[in-house]
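Asker: mmCIF, C-alpha atoms, saved as my_file-v1.cif, coming up:
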```
data_my_file
loop_
_atom_site.group_PDB
_atom_site.id
_atom_site.type_symbol
_atom_site.label_atom_id
_atom_site.label_comp_id
_atom_site.auth_asym_id
_atom_site.auth_seq_id
_atom_site.Cartn_x
_atom_site.Cartn_y
_atom_site.Cartn_z
ATOM 1 C CA MET A 1 95.897 36.125 7.221
ATOM 2 C CA ALA A 2 97.920 33.206 5.892
ATOM 3 C CA HIS A 3 96.477 30.997 8.622
ATOM 4 C CA ASN A 4 92.924 31.991 7.634
ATOM 5 C CA GLU A 5 93.587 31.356 3.962
ATOM 6 C CA GLU A 6 95.010 27.939 4.763
ATOM 7 C CA ARG A 7 91.972 27.103 6.928
ATOM 8 C CA ASP A 8 89.562 28.248 4.187
ATOM 9 C CA HIS A 9 91.435 26.166 1.639
ATOM 10 C CA GLN A 10 91.162 23.097 3.846
ATOM 11 C CA LEU A 11 87.450 23.655 4.396
ATOM 12 C CA ASP A 12 86.810 24.183 0.693
ATOM 13 C CA HIS A 13 88.631 20.940 -0.061
ATOM 14 C CA GLN A 14 86.623 19.131 2.594
ATOM 15 C CA LEU A 15 83.302 20.444 1.283
ATOM 16 C CA ARG A 16 84.170 19.613 -2.313
ATOM 17 C CA ASP A 17 85.339 16.064 -1.724
ATOM 18 C CA GLY A 18 83.798 15.040 1.575
ATOM 19 C CA LEU A 19 80.319 14.084 0.408
ATOM 20 C CA LYS A 20 81.449 11.784 -2.405
ATOM 21 C CA ALA A 21 84.777 10.321 -1.323
ATOM 22 C CA GLY A 22 84.936 11.481 2.264
ATOM 23 C CA THR A 23 87.662 11.462 4.880
ATOM 24 C CA GLU A 24 86.768 9.909 8.193
ATOM 25 C CA GLU A 25 86.107 13.381 9.614
ATOM 26 C CA SER A 26 83.786 14.452 6.804
ATOM 27 C CA VAL A 27 81.846 11.210 7.038
ATOM 28 C CA GLN A 28 81.352 11.810 10.750
ATOM 29 C CA GLN A 29 80.050 15.294 10.006
ATOM 30 C CA GLN A 30 77.631 13.875 7.428
ATOM 31 C CA ASP A 31 76.390 11.399 10.019
ATOM 32 C CA LYS A 32 75.740 14.228 12.463
ATOM 33 C CA ILE A 33 73.918 16.283 9.860
ATOM 34 C CA TRP A 34 71.844 13.275 8.803
ATOM 35 C CA SER A 35 70.984 12.511 12.422
ATOM 36 C CA ALA A 36 69.790 16.059 12.936
ATOM 37 C CA ILE A 37 67.655 15.994 9.828
ATOM 38 C CA LYS A 38 66.264 12.584 10.660
ATOM 39 C CA GLY A 39 65.250 13.816 14.099
ATOM 40 C CA GLN A 40 63.413 16.748 12.549
ATOM 41 C CA ILE A 41 61.634 14.479 10.080
ATOM 42 C CA GLN A 42 60.484 12.186 12.850
ATOM 43 C CA GLU A 43 59.290 15.116 14.929
ATOM 44 C CA GLU A 44 57.302 16.599 12.036
ATOM 45 C CA ARG A 45 55.668 13.257 11.352
ATOM 46 C CA ARG A 46 54.731 12.925 15.012
ATOM 47 C CA HIS A 47 52.960 16.287 15.010
ATOM 48 C CA LYS A 48 51.026 15.303 11.883
ATOM 49 C CA ASP A 49 49.485 12.285 13.586
ATOM 50 C CA ALA A 50 45.817 12.769 14.436
ATOM 51 C CA ALA A 51 44.945 13.368 18.070
ATOM 52 C CA GLY A 52 43.922 10.182 19.830
ATOM 53 C CA GLU A 53 45.446 7.872 17.184
ATOM 54 C CA GLN A 54 46.462 4.513 18.631
ATOM 55 C CA TYR A 55 50.144 3.702 18.231
ATOM 56 C CA SER A 56 51.539 0.215 17.894
ATOM 57 C CA ALA A 57 54.231 -1.090 20.205
ATOM 58 C CA ARG A 58 56.790 -0.499 17.502
ATOM 59 C CA ARG A 59 55.779 3.150 17.074
ATOM 60 C CA LYS A 60 55.982 3.587 20.825
ATOM 61 C CA GLN A 61 59.499 2.220 20.797
ATOM 62 C CA LYS A 62 60.481 4.678 18.065
ATOM 63 C CA SER A 63 58.926 7.487 20.087
ATOM 64 C CA LYS A 64 61.114 6.540 23.039
ATOM 65 C CA ARG A 65 64.168 6.732 20.848
ATOM 66 C CA LYS A 66 63.226 10.253 19.758
ATOM 67 C CA ARG A 67 63.524 11.515 23.336
ATOM 68 C CA TRP A 68 67.241 10.762 23.367
ATOM 69 C CA ILE A 69 67.840 11.480 19.685
ATOM 70 C CA ILE A 70 66.735 15.108 19.969
ATOM 71 C CA PRO A 71 69.300 16.123 22.651
ATOM 72 C CA VAL A 72 72.039 14.359 20.712
ATOM 73 C CA VAL A 73 70.917 16.117 17.530
ATOM 74 C CA ALA A 74 71.026 19.468 19.272
ATOM 75 C CA ALA A 75 74.530 18.787 20.596
ATOM 76 C CA ALA A 76 75.733 17.608 17.192
ATOM 77 C CA SER A 77 74.267 20.663 15.506
ATOM 78 C CA ILE A 78 76.001 22.983 17.988
ATOM 79 C CA LEU A 79 79.263 21.097 17.499
ATOM 80 C CA ILE A 80 79.080 21.488 13.738
ATOM 81 C CA VAL A 81 78.256 25.200 13.889
ATOM 82 C CA MET A 82 80.886 25.945 16.548
ATOM 83 C CA SER A 83 83.676 23.954 14.937
ATOM 84 C CA LEU A 84 82.999 24.973 11.337
ATOM 85 C CA PRO A 85 81.336 28.429 11.445
ATOM 86 C CA THR A 86 81.787 29.272 7.753
ATOM 87 C CA ALA A 87 79.292 30.217 5.063
ATOM 88 C CA PRO A 88 80.211 27.211 2.841
ATOM 89 C CA VAL A 89 79.490 24.818 5.714
ATOM 90 C CA GLN A 90 76.105 26.420 6.358
ATOM 91 C CA ALA A 91 75.351 26.099 2.652
ATOM 92 C CA LEU A 92 76.257 22.420 2.892
ATOM 93 C CA VAL A 93 73.885 21.909 5.830
ATOM 94 C CA GLU A 94 71.049 23.575 3.936
ATOM 95 C CA GLN A 95 71.768 21.459 0.864
ATOM 96 C CA VAL A 96 71.568 18.248 2.875
ATOM 97 C CA ARG A 97 68.375 19.471 4.585
ATOM 98 C CA GLU A 98 66.849 20.001 1.152
ATOM 99 C CA TRP A 99 67.919 16.536 0.025
ATOM 100 C CA PHE A 100 66.193 14.821 2.908
ATOM 101 C CA ALA A 101 63.164 17.018 3.531
ATOM 102 C CA PRO A 102 60.035 15.026 4.531
ATOM 103 C CA GLU A 103 58.427 16.041 1.227
ATOM 104 C CA LYS A 104 59.704 17.547 -1.983
ATOM 105 C CA THR A 105 58.192 18.688 -5.263
ATOM 106 C CA VAL A 106 59.492 16.609 -8.156
ATOM 107 C CA GLU A 107 59.190 17.458 -11.822
ATOM 108 C CA THR A 108 59.586 14.865 -14.549
ATOM 109 C CA GLU A 109 58.461 14.203 -18.110
ATOM 110 C CA ILE A 110 55.742 11.605 -18.627
ATOM 111 C CA GLU A 111 54.932 10.590 -22.199
ATOM 112 C CA GLY A 112 56.430 13.818 -23.497
ATOM 113 C CA MET A 113 54.526 16.059 -21.088
ATOM 114 C CA PRO A 114 55.819 17.762 -17.920
ATOM 115 C CA SER A 115 54.460 16.256 -14.718
ATOM 116 C CA THR A 116 54.748 17.484 -11.127
ATOM 117 C CA SER A 117 54.229 15.453 -7.962
ATOM 118 C CA VAL A 118 54.789 15.928 -4.232
ATOM 119 C CA ASP A 119 56.933 12.968 -3.193
ATOM 120 C CA THR A 120 57.358 11.697 0.358
ATOM 121 C CA LEU A 121 60.565 10.519 2.019
ATOM 122 C CA HIS A 122 60.700 6.825 2.982
ATOM 123 C CA GLU A 123 63.391 4.924 4.862
ATOM 124 C CA GLY A 124 64.452 1.539 3.569
ATOM 125 C CA THR A 125 65.049 -1.620 5.552
ATOM 126 C CA ASP A 126 67.375 -1.037 8.523
ATOM 127 C CA GLN A 127 67.419 2.652 7.564
ATOM 128 C CA GLU A 128 70.332 2.077 5.168
ATOM 129 C CA TYR A 129 68.877 4.205 2.397
ATOM 130 C CA VAL A 130 66.119 6.701 1.734
ATOM 131 C CA ILE A 131 63.970 7.232 -1.328
ATOM 132 C CA TYR A 132 61.219 9.607 -2.412
ATOM 133 C CA PHE A 133 58.044 8.547 -4.198
ATOM 134 C CA ASP A 134 54.470 9.714 -4.721
ATOM 135 C CA THR A 135 52.280 8.000 -2.121
ATOM 136 C CA THR A 136 49.138 8.757 -4.093
ATOM 137 C CA MET A 137 50.385 6.309 -6.722
ATOM 138 C CA TYR A 138 52.759 3.936 -4.930
ATOM 139 C CA LYS A 139 53.321 2.190 -1.625
ATOM 140 C CA MET A 140 56.242 0.273 -0.107
ATOM 141 C CA ILE A 141 55.880 -3.272 1.188
ATOM 142 C CA GLN A 142 58.220 -5.888 2.635
ATOM 143 C CA GLU A 143 58.400 -9.030 0.525
ATOM 144 C CA ASP A 144 60.849 -11.948 0.710
ATOM 145 C CA GLY A 145 63.512 -9.956 2.523
ATOM 146 C CA MET A 146 63.373 -6.942 0.223
ATOM 147 C CA ASP A 147 61.630 -3.584 -0.038
ATOM 148 C CA LYS A 148 59.162 -3.448 -2.898
ATOM 149 C CA ILE A 149 57.508 -0.310 -4.233
ATOM 150 C CA VAL A 150 54.262 -1.211 -5.984
ATOM 151 C CA LEU A 151 51.246 0.567 -7.424
ATOM 152 C CA ALA A 152 48.824 1.634 -4.711
ATOM 153 C CA ASP A 153 45.942 0.670 -6.996
ATOM 154 C CA PRO A 154 47.235 -1.895 -9.529
ATOM 155 C CA PRO A 155 45.092 -2.407 -12.639
ATOM 156 C CA GLY A 156 45.366 -6.209 -12.505
ATOM 157 C CA GLU A 157 45.008 -8.541 -15.482
ATOM 158 C CA PRO A 158 45.890 -8.367 -18.314
ATOM 159 C CA TYR A 159 48.483 -5.741 -17.371
ATOM 160 C CA PRO A 160 51.948 -6.971 -16.369
ATOM 161 C CA GLU A 161 53.436 -6.027 -13.017
ATOM 162 C CA VAL A 162 54.755 -2.536 -12.355
ATOM 163 C CA SER A 163 57.108 -2.393 -9.367
ATOM 164 C CA MET A 164 60.578 -1.621 -8.071
ATOM 165 C CA GLU A 165 62.423 -4.066 -5.812
ATOM 166 C CA ILE A 166 65.330 -2.954 -3.626
ATOM 167 C CA TYR A 167 67.681 -5.348 -1.874
ATOM 168 C CA GLN A 168 71.366 -5.949 -1.122
ATOM 169 C CA VAL A 169 73.832 -8.734 -1.894
ATOM 170 C CA ALA A 170 77.326 -9.535 -0.600
ATOM 171 C CA MET A 171 78.957 -9.159 -4.029
ATOM 172 C CA LEU A 172 80.841 -6.425 -5.818
ATOM 173 C CA PRO A 173 78.660 -4.506 -8.314
ATOM 174 C CA ALA A 174 80.466 -5.744 -11.437
ATOM 175 C CA ASP A 175 80.161 -9.386 -10.353
ATOM 176 C CA ALA A 176 76.518 -9.030 -9.340
ATOM 177 C CA ALA A 177 75.680 -7.375 -12.679
ATOM 178 C CA ALA A 178 77.361 -10.205 -14.588
ATOM 179 C CA ASP A 179 75.331 -12.790 -12.666
ATOM 180 C CA ILE A 180 72.095 -10.924 -13.376
ATOM 181 C CA GLU A 181 72.887 -10.754 -17.093
ATOM 182 C CA ALA A 182 73.532 -14.501 -17.213
ATOM 183 C CA ALA A 183 70.266 -15.248 -15.385
ATOM 184 C CA LEU A 184 68.209 -12.999 -17.681
ATOM 185 C CA GLU A 185 69.519 -14.741 -20.793
ATOM 186 C CA LYS A 186 67.688 -17.883 -19.698
ATOM 187 C CA ASP A 187 64.232 -16.295 -19.504
ATOM 188 C CA TYR A 188 64.104 -13.176 -21.681
ATOM 189 C CA SER A 189 63.958 -12.757 -25.457
ATOM 190 C CA LYS A 190 66.260 -9.750 -25.663
ATOM 191 C CA VAL A 191 68.979 -9.005 -23.120
ATOM 192 C CA HIS A 192 71.263 -5.971 -23.162
ATOM 193 C CA ALA A 193 74.746 -6.593 -21.816
ATOM 194 C CA ALA A 194 75.653 -5.142 -18.430
ATOM 195 C CA GLU A 195 76.800 -1.558 -18.924
ATOM 196 C CA ALA A 196 78.744 0.788 -16.649
ATOM 197 C CA ILE A 197 76.719 3.964 -16.033
ATOM 198 C CA GLU A 198 76.977 7.291 -14.209
ATOM 199 C CA THR A 199 73.272 8.147 -14.020
ATOM 200 C CA PRO A 200 70.808 7.754 -12.374
ATOM 201 C CA VAL A 201 73.405 5.996 -10.176
ATOM 202 C CA THR A 202 77.091 5.233 -10.507
ATOM 203 C CA GLY A 203 77.245 1.511 -11.120
ATOM 204 C CA TRP A 204 75.896 -0.991 -13.635
ATOM 205 C CA GLU A 205 72.695 -1.335 -15.632
ATOM 206 C CA VAL A 206 71.258 -4.536 -17.139
ATOM 207 C CA ARG A 207 68.054 -4.503 -19.231
ATOM 208 C CA ALA A 208 65.917 -7.165 -20.825
ATOM 209 C CA ILE A 209 62.603 -7.529 -22.690
ATOM 210 C CA GLY A 210 60.479 -10.639 -22.535
ATOM 211 C CA GLY A 211 57.650 -11.994 -24.669
ATOM 212 C CA THR A 212 58.202 -11.116 -28.315
ATOM 213 C CA GLY A 213 61.183 -8.936 -27.492
ATOM 214 C CA GLY A 214 59.318 -5.659 -27.863
ATOM 215 C CA SER A 215 56.727 -6.176 -30.580
ATOM 216 C CA GLU A 216 53.696 -6.454 -28.283
ATOM 217 C CA TRP A 217 52.263 -3.841 -25.911
ATOM 218 C CA ASN A 218 52.428 -6.157 -22.921
ATOM 219 C CA ASP A 219 55.959 -7.527 -23.388
ATOM 220 C CA PRO A 220 57.526 -7.302 -19.911
ATOM 221 C CA ILE A 221 60.580 -5.123 -19.363
ATOM 222 C CA VAL A 222 63.042 -5.556 -16.529
ATOM 223 C CA ARG A 223 65.769 -3.081 -15.700
ATOM 224 C CA TYR A 224 68.406 -3.637 -13.014
ATOM 225 C CA TYR A 225 70.620 -1.072 -11.344
ATOM 226 C CA VAL A 226 73.584 -2.455 -9.397
ATOM 227 C CA PHE A 227 75.782 -0.163 -7.318
ATOM 228 C CA ASP A 228 78.069 -0.004 -4.297
ATOM 229 C CA ASN A 229 76.297 -0.189 -0.930
ATOM 230 C CA GLU A 230 79.383 1.321 0.758
ATOM 231 C CA LYS A 231 79.978 -1.717 2.976
ATOM 232 C CA GLY A 232 81.616 -4.210 0.622
ATOM 233 C CA GLY A 233 78.495 -5.346 -1.232
ATOM 234 C CA SER A 234 75.899 -4.020 -3.629
ATOM 235 C CA PHE A 235 72.465 -2.506 -3.746
ATOM 236 C CA ILE A 236 70.311 -4.046 -6.450
ATOM 237 C CA VAL A 237 67.252 -2.237 -7.750
ATOM 238 C CA LYS A 238 64.990 -4.155 -10.111
ATOM 239 C CA GLN A 239 62.350 -2.284 -12.094
ATOM 240 C CA ASN A 240 59.415 -4.145 -13.635
ATOM 241 C CA TYR A 241 57.096 -2.599 -16.229
ATOM 242 C CA PHE A 242 56.015 -3.284 -19.832
ATOM 243 C CA MET A 243 56.340 -1.908 -23.359
ATOM 244 C CA GLU A 244 53.241 0.279 -23.407
ATOM 245 C CA ALA A 245 54.170 1.733 -20.020
ATOM 246 C CA ALA A 246 57.792 2.531 -20.855
ATOM 247 C CA GLU A 247 57.169 6.277 -21.188
ATOM 248 C CA GLY A 248 54.722 6.381 -18.288
ATOM 249 C CA PHE A 249 55.479 4.038 -15.413
ATOM 250 C CA GLY A 250 59.001 3.498 -16.725
ATOM 251 C CA SER A 251 59.726 7.230 -16.496
ATOM 252 C CA ARG A 252 58.288 7.430 -12.990
ATOM 253 C CA LEU A 253 60.456 4.550 -11.811
ATOM 254 C CA GLN A 254 63.481 6.262 -13.318
ATOM 255 C CA GLN A 255 62.621 9.427 -11.421
ATOM 256 C CA MET A 256 62.514 7.435 -8.182
ATOM 257 C CA MET A 257 66.089 6.302 -8.832
ATOM 258 C CA LEU A 258 67.174 9.931 -9.023
ATOM 259 C CA GLU A 259 65.745 10.279 -5.512
ATOM 260 C CA PHE A 260 67.590 7.274 -4.021
ATOM 261 C CA HIS A 261 70.136 8.234 -1.371
ATOM 262 C CA ILE A 262 72.503 6.470 1.001
ATOM 263 C CA PRO A 263 72.582 8.910 3.959
ATOM 264 C CA ASN A 264 76.145 8.186 5.119
ATOM 265 C CA GLY A 265 77.297 8.792 1.564
ATOM 266 C CA ALA A 266 74.950 11.762 1.157
ATOM 267 C CA SER A 267 73.703 10.814 -2.319
ATOM 268 C CA GLN A 268 74.107 7.851 -4.616
ATOM 269 C CA THR A 269 72.707 9.727 -7.586
ATOM 270 C CA GLN A 270 74.583 12.178 -9.692
#
```
In structure tokens, write the structure found in this file.
Answerer:
Amino acid sequence: MAHNEERDHQLDHQLRDGLKAGTEESVQQQDKIWSAIKGQIQEERRHKDAAGEQYSARRKQKSKRKRWIIPVVAAASILIVMSLPTAPVQALVEQVREWFAPEKTVETEIEGMPSTSVDTLHEGTDQEYVIYFDTTMYKMIQEDGMDKIVLADPPGEPYPEVSMEIYQVAMLPADAAADIEAALEKDYSKVHAAEAIETPVTGWEVRAIGGTGGSEWNDPIVRYYVFDNEKGGSFIVKQNYFMEAAEGFGSRLQQMMLEFHIPNGASQTQ
């Protein structure tokens, strides 16, 4: 009995702390869980493809990888279940599955009114992060070495840009945030000092307003989130919108940040 209680205590401690801080063992388990979920996502997407659709060479290469990923996923899943056959662990697996489902229903408030969308999972460059967004409104493109989420049907002039740029730098978050603040002061009318935050990510936020500083409907707004990329550098997320769109597009971009995840660290958001 004492042995069982000690084992349960160790497992509870691992489940509580593993996802956020993580021992080497818990991180390995997260990797296995993520690999299993990723394999399922890829398989579901493959079945959704229309019969007779022509695949590019790159898609064919990914398909080849799936053939060896699936057996590894199965082995990893068995290893997890056999080595940690407890209810809390199964709850953890289901929680992670829910986090990274191919689609999820997201509720947010837009201009004071509740809004619901079905958001789709997307992998970032080099598969180092995942993010959910509504593909009926947005799309992801590669631009100048970064991922950029833009409006699928932008209104064009005279409306300022609405987008979210995601990239990484080899700097600590605090240093990167300070550099961004200094750069914004050269081009924007009103700059808010870099501020340590806990939501929607744990890191730093820097905001600025251009034009008249907020008096006109089309004054551009830029909002940066800077946070640990878990490999000695920082993720930087830059949101672009404008005054009139602050409660519309601005809220949607904020919701995307709540759905930003670093798989090996389980979740960057709080």
Asker: What's the separation between atom CA of A:Tyr132 and atom CA of A:Ala194, in Å to one decimal place?
Answerer: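 Straight-line distance from atom CA of A:Tyr132 to atom CA of A:Ala194 works out to 26.1 Å.
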Asker: Counting only C-alpha atoms, which residue out of A:Tyr241, A:Ile166, A:Pro155, A:Gly112 sits closest to A:Thr125?
Answerer: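 Nearest candidate to A:Thr125 out of A:Tyr241, A:Ile166, A:Pro155, A:Gly112: A:Ile166.
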Asker: Using all atoms listed in the file, find all polymer residues with an atom at most 6 Å away from the point (67.9, 6.9, 0.9); report them as JSON, numbers by chain.
Answerer: {"A": [129, 130, 131, 260, 261, 262, 263]}
Asker: Write out, as a PDB file, in the frame of the given file, the residues just selected, with C-alpha atoms.
Answerer:
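What landed in result_7.pdb:
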```pdb
ATOM      1  CA  TYR A 129      68.877   4.205   2.397  1.00  0.00           C
ATOM      2  CA  VAL A 130      66.119   6.701   1.734  1.00  0.00           C
ATOM      3  CA  ILE A 131      63.970   7.232  -1.328  1.00  0.00           C
ATOM      4  CA  PHE A 260      67.590   7.274  -4.021  1.00  0.00           C
ATOM      5  CA  HIS A 261      70.136   8.234  -1.371  1.00  0.00           C
ATOM      6  CA  ILE A 262      72.503   6.470   1.001  1.00  0.00           C
ATOM      7  CA  PRO A 263      72.582   8.910   3.959  1.00  0.00           C
TER       8      PRO A 263
END
```
Asker: Return the single residue from A:Glu181, A:Asp126, A:Glu165, A:Glu259 that is closest to A:Glu103, with distances computed using all atoms listed in the file.
Answerer: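 That would be A:Glu259, the residue with the smallest distance to A:Glu103.
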Asker: Could you list the residues chosen by the PyMOL selection byres ((chain A and resi 102) around 8) in this structure as a short mmCIF file (atom, residue, chain, number, x, y, z; two decimals) with C-alpha atoms, in the frame of the given file?
Answerer:
```
data_model
loop_
_atom_site.label_atom_id
_atom_site.label_comp_id
_atom_site.auth_asym_id
_atom_site.auth_seq_id
_atom_site.Cartn_x
_atom_site.Cartn_y
_atom_site.Cartn_z
CA ILE A 41 61.63 14.48 10.08
CA PHE A 100 66.19 14.82 2.91
CA ALA A 101 63.16 17.02 3.53
CA GLU A 103 58.43 16.04 1.23
CA LYS A 104 59.70 17.55 -1.98
CA THR A 120 57.36 11.70 0.36
CA LEU A 121 60.56 10.52 2.02
#
```
Asker: Quick one: pull the distance between atom CA of A:Ala152 and atom CA of A:Tyr225, Å, one decimal.
Answerer: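 Atom CA of A:Ala152 sits 22.9 Å away from atom CA of A:Tyr225.
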Asker: If you count all atoms listed in the file, which residues fall within 8 Å of A:Gln168, apart from same-chain ones fewer than 4 positions away, as a PyMOL selection string?
Answerer: chain A and resi 229+233-236
Asker: When you count all atoms listed in the file, which of these residues is closest to A:Asn218: A:Glu157, A:Glu185, A:Glu198, A:Asp175?
Answerer: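 Smallest distance to A:Asn218 is found for A:Glu157.
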Asker: Given the file shown, enumerate the residues that the PyMOL selection byres ((chain A and resi 238) around 10) captures and present them as number ranges by chain.
Answerer: A: 148, 163-167, 205-207, 222-226, 235-237, 239-240, 253
Asker: Can you list what the PyMOL selection byres ((chain A and resi 210) around 12) grabs from this structure, as a ChimeraX atom specification?
Answerer: /A:160,184-192,207-209,211-223,240-243
Asker: Let me see the file: selected residues, C-alpha atoms, as a tab-separated table (two decimals), in the coordinates of the input.
Answerer:
```tsv
chain	number	residue	atom	x	y	z
A	160	PRO	CA	51.95	-6.97	-16.37
A	184	LEU	CA	68.21	-13.00	-17.68
A	185	GLU	CA	69.52	-14.74	-20.79
A	186	LYS	CA	67.69	-17.88	-19.70
A	187	ASP	CA	64.23	-16.30	-19.50
A	188	TYR	CA	64.10	-13.18	-21.68
A	189	SER	CA	63.96	-12.76	-25.46
A	190	LYS	CA	66.26	-9.75	-25.66
A	191	VAL	CA	68.98	-9.01	-23.12
A	192	HIS	CA	71.26	-5.97	-23.16
A	207	ARG	CA	68.05	-4.50	-19.23
A	208	ALA	CA	65.92	-7.16	-20.82
A	209	ILE	CA	62.60	-7.53	-22.69
A	211	GLY	CA	57.65	-11.99	-24.67
A	212	THR	CA	58.20	-11.12	-28.32
A	213	GLY	CA	61.18	-8.94	-27.49
A	214	GLY	CA	59.32	-5.66	-27.86
A	215	SER	CA	56.73	-6.18	-30.58
A	216	GLU	CA	53.70	-6.45	-28.28
A	217	TRP	CA	52.26	-3.84	-25.91
A	218	ASN	CA	52.43	-6.16	-22.92
A	219	ASP	CA	55.96	-7.53	-23.39
A	220	PRO	CA	57.53	-7.30	-19.91
A	221	ILE	CA	60.58	-5.12	-19.36
A	222	VAL	CA	63.04	-5.56	-16.53
A	223	ARG	CA	65.77	-3.08	-15.70
A	240	ASN	CA	59.42	-4.14	-13.64
A	241	TYR	CA	57.10	-2.60	-16.23
A	242	PHE	CA	56.02	-3.28	-19.83
A	243	MET	CA	56.34	-1.91	-23.36
```
Asker: Between A:Met256, A:Glu247, A:Gly203, A:Ala174, single out the one closest to A:Thr135, counting all atoms listed in the file.
Answerer: A:Met256
Asker: Draw an axis-aligned box over all listed atoms of stretch 221-235 of chain A, pad each side with 6 Å, and write its centre and edge lengths in Å, one decimal, as AutoDock Vina command-line options.
Answerer:
```
--center_x 71.1 --center_y -2.1 --center_z -8.2 --size_x 33.0 --size_y 18.9 --size_z 34.3
```
Asker: Every residue with an atom at most 10 Å from (70.2, 7.8, -14.7) (file coordinates; all atoms listed in the file) is what I'm after, so could you write them as a ChimeraX atom specification?
Answerer: /A:197-202,205,225,254-255,257-258,269-270
Asker: With all atoms listed in the file as the atoms that count, which of A:Met140, A:Glu128, A:His122, A:Phe133 lies nearest to A:Thr105?
Answerer: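 When distances to A:Thr105 are compared using all atoms listed in the file, the smallest one comes from A:Phe133.
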Asker: Rounded to one decimal place, report the atom CA of A:Ser117-atom CA of A:Gln142 distance in Å.
Answerer: 24.2 Å
Asker: Of the candidates A:Met137, A:Ala245, A:Ile149, A:Ala196, which one gets nearest to A:Pro173 if we count all atoms listed in the file?
Answerer: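 The shortest atom-to-atom distance to A:Pro173 comes from A:Ala196.
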